[in-house]
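Data from protein_39.txt: compact mmCIF, C-alpha atoms and all ligand atoms
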```txt
# COMPACT_ATOMS: atom_id res chain seq x y z
CA MET A 12 5.24 -3.91 24.46
CA SER A 13 2.84 -3.14 21.62
CA TYR A 14 -0.84 -3.91 21.25
CA CYS A 15 -3.07 -4.43 18.24
CA THR A 16 -5.21 -1.36 17.66
CA VAL A 17 -8.15 -3.59 16.65
CA CYS A 18 -8.32 -6.36 19.26
CA LYS A 19 -6.06 -4.73 21.93
CA ILE A 20 -4.12 -7.99 22.32
CA GLU A 21 -0.34 -7.95 22.36
CA THR A 22 1.46 -8.02 19.01
CA ASP A 23 4.77 -9.79 18.95
CA TYR A 24 4.83 -11.87 15.82
CA GLU A 25 7.05 -11.17 12.89
CA TYR A 26 4.11 -10.65 10.54
CA ASP A 27 2.18 -8.15 12.61
CA ILE A 28 1.98 -4.86 10.81
CA ALA A 29 3.63 -1.71 12.13
CA LEU A 30 1.38 1.11 10.97
CA SER A 31 2.94 4.43 9.98
CA ASN A 32 1.15 6.23 12.83
CA GLY A 33 3.14 4.21 15.36
CA GLN A 34 0.31 1.74 16.11
CA TYR A 35 0.31 -1.97 15.41
CA VAL A 36 -2.25 -4.33 13.99
CA HIS A 37 -2.45 -8.09 13.62
CA TYR A 38 -2.46 -9.18 10.03
CA SER A 39 -5.22 -11.62 11.08
CA CYS A 40 -7.31 -8.76 12.47
CA ILE A 41 -7.23 -6.95 9.11
CA LEU A 42 -8.26 -10.19 7.39
CA MET A 43 -11.08 -10.66 9.89
CA LEU A 44 -12.38 -7.11 9.23
CA GLN A 45 -12.18 -7.65 5.48
CA MET A 46 -14.16 -10.88 5.79
CA ARG A 47 -16.74 -9.19 8.00
CA LYS A 48 -17.20 -6.45 5.40
CA HIS A 49 -17.53 -9.04 2.66
CA GLU A 50 -20.20 -10.93 4.64
CA ILE A 51 -22.30 -7.79 5.13
CA GLU A 52 -21.99 -6.90 1.46
CA THR A 53 -23.10 -10.41 0.51
CA ALA A 54 -26.08 -10.23 2.88
CA LEU A 55 -27.13 -6.88 1.40
CA ARG A 56 -26.82 -8.18 -2.15
CA LEU A 57 -28.89 -11.22 -1.26
CA GLN A 58 -31.61 -9.04 0.26
CA LYS A 59 -31.70 -6.93 -2.85
CA SER A 60 -32.16 -9.91 -5.14
CA GLN A 61 -34.79 -11.47 -2.84
CA LEU A 62 -36.69 -8.20 -2.86
CA THR A 63 -36.55 -7.92 -6.65
CA LEU A 64 -37.64 -11.52 -7.01
CA SER A 65 -40.56 -11.01 -4.61
CA LEU A 66 -41.81 -8.10 -6.72
CA PHE A 67 -41.90 -10.11 -9.92
CA VAL A 68 -42.59 -13.67 -8.74
CA PRO A 69 -44.05 -13.31 -5.25
CA THR A 70 -44.78 -17.04 -5.04
CA GLU A 71 -41.05 -17.86 -5.22
CA VAL A 72 -40.09 -15.94 -2.09
CA ALA A 73 -41.31 -16.69 1.41
CA GLN A 74 -42.29 -13.53 3.23
CA GLN A 75 -39.91 -14.28 6.12
CA ASP A 76 -36.94 -14.33 3.71
CA ILE A 77 -37.35 -10.66 2.99
CA ALA A 78 -35.63 -8.36 5.41
CA SER A 79 -37.52 -5.45 6.83
CA GLU A 80 -36.55 -1.90 6.03
CA ALA A 81 -35.04 -1.66 9.52
CA GLU A 82 -32.94 -4.79 9.03
CA VAL A 83 -31.56 -3.47 5.75
CA GLU A 84 -30.81 -0.13 7.41
CA ASP A 85 -28.99 -2.00 10.16
CA LEU A 86 -26.87 -3.89 7.62
CA ARG A 87 -26.03 -0.64 5.84
CA ALA A 88 -24.94 0.96 9.12
CA LYS A 89 -22.75 -2.05 9.92
CA LEU A 90 -21.22 -1.88 6.48
CA ALA A 91 -20.42 1.83 6.85
CA LYS A 92 -18.83 1.14 10.23
CA SER A 93 -16.62 -1.69 9.00
CA GLU A 94 -15.61 0.35 5.95
CA SER A 95 -14.58 3.26 8.12
CA ILE A 96 -12.49 1.04 10.43
CA LEU A 97 -10.73 -0.50 7.44
CA THR A 98 -10.13 2.87 5.80
CA GLY A 99 -8.61 4.11 9.04
CA LEU A 100 -6.19 1.17 9.04
CA TYR A 101 -5.40 1.44 5.31
CA ASP A 102 -4.52 5.12 5.88
CA TYR A 103 -1.44 4.00 7.80
CA LEU A 104 -0.53 0.70 6.14
CA PRO A 105 3.17 0.68 5.35
CA CYS A 106 2.39 -0.28 1.76
CA TRP A 107 -0.06 0.56 -1.00
CA PRO A 108 -3.56 0.04 0.44
CA PRO A 109 -6.09 -2.41 -1.04
CA ASP A 110 -8.48 0.49 -1.68
CA TRP A 111 -5.93 2.46 -3.74
CA GLU A 112 -8.25 2.64 -6.79
CA GLU A 113 -11.12 3.83 -4.58
CA ARG A 114 -8.86 6.58 -3.21
CA LYS A 115 -7.99 7.60 -6.75
CA ARG A 116 -11.68 7.77 -7.70
CA LEU A 117 -12.39 9.94 -4.64
CA LEU A 118 -9.67 12.42 -5.58
CA ILE A 119 -10.82 12.53 -9.19
CA ARG A 120 -14.39 13.13 -8.03
CA GLU A 121 -13.15 16.01 -5.84
CA ASN A 122 -10.64 17.64 -8.16
CA GLY A 123 -11.36 16.30 -11.62
CA SER A 124 -8.83 14.36 -13.66
CA ILE A 125 -6.31 17.19 -13.33
CA CYS A 126 -2.54 16.83 -12.86
CA SER A 127 -1.47 18.39 -9.56
CA ARG A 128 1.85 19.50 -11.06
CA CYS A 129 1.04 21.01 -14.45
CA ASP A 130 -2.73 21.58 -13.95
CA LYS A 131 -3.52 19.93 -17.27
CA GLU A 132 -6.54 17.70 -17.67
CA ALA A 133 -5.22 14.26 -18.51
CA ASP A 134 -5.25 10.60 -17.59
CA VAL A 135 -3.72 10.64 -14.14
CA TYR A 136 -1.80 8.36 -11.82
CA LEU A 137 -2.21 8.42 -8.07
CA VAL A 138 1.03 8.98 -6.14
CA HIS A 139 2.15 9.74 -2.61
CA ASP A 140 3.36 13.29 -1.90
CA ILE A 141 5.70 12.00 0.79
CA PRO A 142 6.68 8.46 -0.25
CA ILE A 143 5.76 5.63 2.11
CA PHE A 144 9.42 4.79 2.72
CA GLU A 145 9.96 8.39 3.84
CA GLY A 146 7.21 7.99 6.41
CA GLY A 147 4.30 9.24 4.26
CA THR A 148 0.80 7.85 4.83
CA ASN A 149 -2.02 6.80 2.50
CA GLU A 150 -4.30 9.53 3.82
CA LEU A 151 -5.96 11.51 1.07
CA ASP A 152 -4.03 14.67 1.86
CA ASN A 153 -0.76 12.83 1.22
CA LEU A 154 -1.99 11.61 -2.18
CA ALA A 155 -1.85 13.48 -5.45
CA LEU A 156 -2.94 12.95 -9.05
CA ILE A 157 -0.22 13.31 -11.63
CA CYS A 158 -0.18 13.03 -15.45
CA ALA A 159 2.05 10.55 -17.30
CA GLU A 160 4.40 13.27 -18.53
CA CYS A 161 4.99 14.75 -15.08
CA TYR A 162 5.21 11.26 -13.60
CA ARG A 163 8.06 10.40 -15.93
CA SER A 164 9.91 13.61 -15.18
CA VAL A 165 9.59 13.12 -11.43
CA TYR A 166 10.19 9.40 -11.21
CA ARG A 167 12.99 9.35 -13.75
CA GLU A 168 13.35 5.81 -14.82
CA VAL A 169 16.81 4.54 -15.26
CA ASP A 170 18.14 1.85 -17.51
CA PHE A 171 17.22 -1.60 -16.26
CA PHE A 172 20.31 -3.21 -17.60
CA GLY A 173 23.20 -1.88 -15.63
CA ASP A 174 23.66 1.64 -16.98
CA PHE A 175 22.74 3.12 -13.66
CA THR A 176 25.63 5.04 -12.13
CA LEU A 177 25.93 6.35 -8.62
CA LYS A 178 26.05 10.09 -8.07
CA PRO A 179 29.09 11.34 -6.09
CA SER A 180 26.73 12.23 -3.22
CA GLN A 181 25.72 8.57 -3.05
CA SER A 182 29.23 7.15 -2.76
CA GLU A 183 28.54 5.99 0.80
CA PHE A 184 26.33 3.31 -0.74
CA SER A 185 28.88 2.01 -3.23
CA GLU A 186 29.44 -1.27 -1.41
CA GLN A 187 25.71 -2.10 -1.14
CA PHE A 188 25.22 -0.82 -4.68
CA SER A 189 27.72 -3.21 -6.21
CA ALA A 190 26.38 -6.15 -4.17
CA ILE A 191 22.83 -5.46 -5.38
CA GLN A 192 24.03 -4.85 -8.94
CA SER A 193 25.72 -8.23 -9.00
CA ALA A 194 22.54 -9.85 -7.60
CA ILE A 195 20.53 -8.24 -10.43
CA ASP A 196 23.06 -9.41 -13.03
CA ASN A 197 23.13 -12.97 -11.67
CA ASN A 198 19.41 -13.34 -10.85
CA GLN A 199 20.14 -13.73 -7.17
CA LYS A 200 18.11 -12.63 -4.19
CA ILE A 201 19.17 -10.15 -1.56
CA GLN A 202 18.35 -10.25 2.12
CA PHE A 203 18.53 -7.30 4.49
CA ASP A 204 16.99 -5.81 7.61
CA TYR A 205 14.74 -2.90 6.81
CA LYS A 206 13.24 -0.16 8.93
CA LYS A 207 11.19 2.81 7.93
CA PRO A 208 11.32 6.04 9.95
CA SER A 209 7.84 5.37 11.29
CA ASN A 210 8.68 1.84 12.43
CA LYS A 211 10.27 0.87 15.68
CA ARG A 212 11.45 -2.52 14.57
CA TRP A 213 13.72 -3.90 11.90
CA MET A 214 12.21 -6.54 9.65
CA THR A 215 14.14 -9.00 7.55
CA ARG A 216 13.24 -8.81 3.89
CA VAL A 217 14.12 -11.15 1.05
CA VAL A 218 13.87 -9.40 -2.29
CA VAL A 219 14.51 -10.26 -5.93
CA PRO A 220 16.09 -6.97 -7.02
CA GLU A 221 15.14 -5.65 -10.45
CA ARG A 222 16.53 -2.16 -10.86
CA PHE A 223 17.81 0.96 -9.18
CA LEU A 224 15.82 4.16 -8.97
CA ASN A 225 16.59 7.65 -7.80
CA ILE A 226 13.53 9.07 -6.11
CA PRO A 227 13.46 12.81 -5.36
CA ASN A 228 13.38 13.82 -1.73
CA SER A 229 13.17 17.13 0.05
CA ARG A 230 16.56 16.80 1.73
CA GLU A 231 19.86 18.37 0.75
CA SER A 232 21.08 15.41 -1.28
CA GLY A 233 17.95 15.75 -3.42
CA GLU A 234 17.59 12.10 -4.34
CA THR A 235 17.16 8.84 -2.46
CA LEU A 236 18.85 5.81 -3.97
CA CYS A 237 16.37 2.94 -4.04
CA VAL A 238 16.12 -0.55 -5.38
CA GLU A 239 12.89 -1.92 -6.75
CA GLY A 240 12.23 -5.62 -6.54
CA PHE A 241 9.85 -8.40 -5.63
CA CYS A 242 9.46 -8.61 -1.85
CA GLU A 243 8.78 -12.14 -0.58
CA LEU A 244 7.24 -10.84 2.66
CA ARG A 245 4.67 -8.65 0.91
CA GLN A 246 4.40 -10.88 -2.18
CA ASP A 247 4.54 -7.79 -4.36
CA THR A 248 6.91 -5.34 -6.01
CA ARG A 249 8.24 -2.82 -3.54
CA VAL A 250 10.78 -0.01 -3.48
CA PHE A 251 13.47 0.03 -0.78
CA ALA A 252 15.75 2.92 0.12
CA LEU A 253 19.36 1.78 0.48
CA GLU A 254 19.84 4.14 3.43
CA ARG A 255 17.27 2.16 5.41
CA MET A 256 18.92 -1.23 4.89
CA GLN A 257 21.20 -3.06 7.27
CA GLY A 258 23.17 -6.27 6.98
CA LEU A 259 22.69 -6.62 3.23
CA GLU A 260 23.61 -10.04 1.85
CA VAL A 261 23.30 -11.65 -1.54
CA ILE A 262 21.78 -15.08 -0.99
CA GLU A 263 21.57 -18.27 -2.99
CA ASP A 264 18.18 -19.80 -3.61
ZN ZN B 301 -5.56 -7.86 16.67
ZN ZN B 302 1.29 17.02 -15.37
```

Turn the structure described in the file into C-alpha cells.
Amino acid sequence: MSYCTVCKIETDYEYDIALSNGQYVHYSCILMLQMRKHEIETALRLQKSQLTLSLFVPTEVAQQDIASEAEVEDLRAKLAKSESILTGLYDYLPCWPPDWEERKRLLIRENGSICSRCDKEADVYLVHDIPIFEGGTNELDNLALICAECYRSVYREVDFFGDFTLKPSQSEFSEQFSAIQSAIDNNQKIQFDYKKPSNKRWMTRVVVPERFLNIPNSRESGETLCVEGFCELRQDTRVFALERMQGLEVIED
C-alpha cells in the first residue's frame, strides 16, 4: 500500500502521481499546495499596494488594513515554506516540472549562459542529464544547459514523415514500430501500458503519436527508440520509450 507524501493518506487512484524517488503524491495535494502558495503571494502583493497607498494617500487606507512588519514577515516565511515543499515535489515529478523556467534561471545565474558540452557562451536550452524516462529526476544536479548546436547533435531529429528506419539493434521493436508508424500515417491514436524504471505500477496511456526519435543512452545499444506524441493523461507532448511499453494497440477515436 502506498501513501501520499503530503497528506499521508493512502493513494490508490489512477491519477495519483508516482514520484521518481519511489514516493507517491495525490494530484489534488499538489493542486492544494499550489493554491496555498498563490494565496500567500496574493496577500503579500495586497499588503504591498496597501502600504504604498497609505504613504501617498493616507486618508484612503484604514490603519487596521495595513499589516505589521511581523505579519508581513510571517507571510514571507509561509511563502518560503510552501515554495520549498513544492520544489521538493517537483524535483521528482515524472514529467517536466511547472518551475522549469525558474530552474533554468537558477542554473544560468550559477554558471552563466554557457553550454555544458562545448563551453561556449550562447543561448541555452535546459535538458535532463539522465532523461526522465530513464529514471532521471528534475533536481538541479540532473539538469544541464546546452546550446542549440549541441542540442541538435545530441537529440538528432529524424524526418517526421516516415523516413525513420530502425537500426538492426532495434529489430526487437519492429512489430510495435510498424503499428505506431501506421497510426502516425493514418492519424490514429495508440494505447499502451507504460512504466518507468522508478515506478512500481503500469499506467495506461492514450497518445496521438507524432514521430520517432532515437535518444542517446549510456547502455550498450547506445540509443533508445522513442515515440513523441500528445499524451491524453498529461495533456501535453511527451516522449515514450518503446522498451517500456506493453500491450500496444492502435485505437479508433
Ligand atoms: Zn495527499
Ligand atoms: Zn554547445

If we count all atoms listed in the file and set the cut-off at 12 Å, which residues sit around Leu86 in chain A, ignoring sequence neighbours fewer than 4 positions away in its own chain? Please answer as a list in words.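 Near Leu86 in chain A, the qualifying residues are Arg47, Lys48, His49, Glu50, Ile51, Glu52, Thr53, Ala54, Leu55, Arg56, Leu57, Gln58, Lys59, Ala78, Ser79, Glu80, Ala81, Glu82, Leu90, Ala91, Lys92 and Ser93 of chain A.
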
Please, which residues in chain A fall within 8 Å of ligand ZN 301 (chain B) when counting all atoms listed in the file, and what is the closest atom pair and distance in Å to one decimal for each, ordered by chain then residue number, as JSON lines?
```
{"residue": "A:Tyr14", "atom": "CA", "partner": "B:ZN301", "partner_atom": "ZN", "distance": 7.7}
{"residue": "A:Cys15", "atom": "CA", "partner": "B:ZN301", "partner_atom": "ZN", "distance": 4.5}
{"residue": "A:Thr16", "atom": "CA", "partner": "B:ZN301", "partner_atom": "ZN", "distance": 6.6}
{"residue": "A:Val17", "atom": "CA", "partner": "B:ZN301", "partner_atom": "ZN", "distance": 5.0}
{"residue": "A:Cys18", "atom": "CA", "partner": "B:ZN301", "partner_atom": "ZN", "distance": 4.1}
{"residue": "A:Lys19", "atom": "CA", "partner": "B:ZN301", "partner_atom": "ZN", "distance": 6.1}
{"residue": "A:Ile20", "atom": "CA", "partner": "B:ZN301", "partner_atom": "ZN", "distance": 5.8}
{"residue": "A:Glu21", "atom": "CA", "partner": "B:ZN301", "partner_atom": "ZN", "distance": 7.7}
{"residue": "A:Thr22", "atom": "CA", "partner": "B:ZN301", "partner_atom": "ZN", "distance": 7.4}
{"residue": "A:Val36", "atom": "CA", "partner": "B:ZN301", "partner_atom": "ZN", "distance": 5.5}
{"residue": "A:His37", "atom": "CA", "partner": "B:ZN301", "partner_atom": "ZN", "distance": 4.4}
{"residue": "A:Tyr38", "atom": "CA", "partner": "B:ZN301", "partner_atom": "ZN", "distance": 7.4}
{"residue": "A:Ser39", "atom": "CA", "partner": "B:ZN301", "partner_atom": "ZN", "distance": 6.7}
{"residue": "A:Cys40", "atom": "CA", "partner": "B:ZN301", "partner_atom": "ZN", "distance": 4.6}
{"residue": "A:Ile41", "atom": "CA", "partner": "B:ZN301", "partner_atom": "ZN", "distance": 7.8}
```

Compare A:Gln61, A:Asn149, A:Asn225, A:Ser127 by their minimum atom-to-atom distance to Thr98 in chain A, counting all atoms listed in the file, and give me the closest one.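 Residue with the minimum atom-to-atom distance to Thr98 in chain A: A:Asn149.
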
Residues contacting ligand ZN 302 (chain B) - anything with an atom at most 7 Å away, using all atoms listed in the file - can you give me those as a list in words?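 So, counting all atoms listed in the file, the residues near ligand ZN 302 (chain B) are Cys126, Ser127, Arg128, Cys129, Asp130, Lys131, Ile157, Cys158, Ala159, Glu160 and Cys161 of chain A.
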
So which one's closest to Asp204 in chain A, A:Arg249, A:Arg116, A:Arg255, A:Arg163? Using only C-alpha atoms, please.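 Ranking A:Arg249, A:Arg116, A:Arg255, A:Arg163 by distance to Asp204 in chain A, first place goes to A:Arg255.
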
Would you mind telling me which residue in A:Glu183, A:Glu260, A:Glu94, A:Asp23 lies nearest to Arg216 in chain A when using only C-alpha atoms?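 Among the listed residues, the smallest separation from Arg216 in chain A belongs to A:Glu260.
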
Can you work out the spacing between CA of Met46 in chain A and CA of Gln34 in chain A in Å, to one decimal?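 Atom-to-atom, CA of Met46 in chain A to CA of Gln34 in chain A, that is 21.8 Å.
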
Between CA of Leu236 in chain A and CA of Pro220 in chain A, distance in Å (one decimal):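 According to the coordinates, CA of Leu236 in chain A and CA of Pro220 in chain A are separated by 13.4 Å.
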
Point-to-point distance in Å for CA of Ile191 in chain A and CA of Glu221 in chain A: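 Computed distance, CA of Glu221 in chain A to CA of Ile191 in chain A, equals 9.2 Å.
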
Might you pull out every residue within 9 Å of Val250 in chain A, with all atoms listed in the file counted and same-chain residues fewer than 4 positions away left off, and present them as a list of chain:residue names? A:Phe144, A:Leu224, A:Cys237, A:Val238, A:Glu239, A:Gly240, A:Phe241, A:Cys242
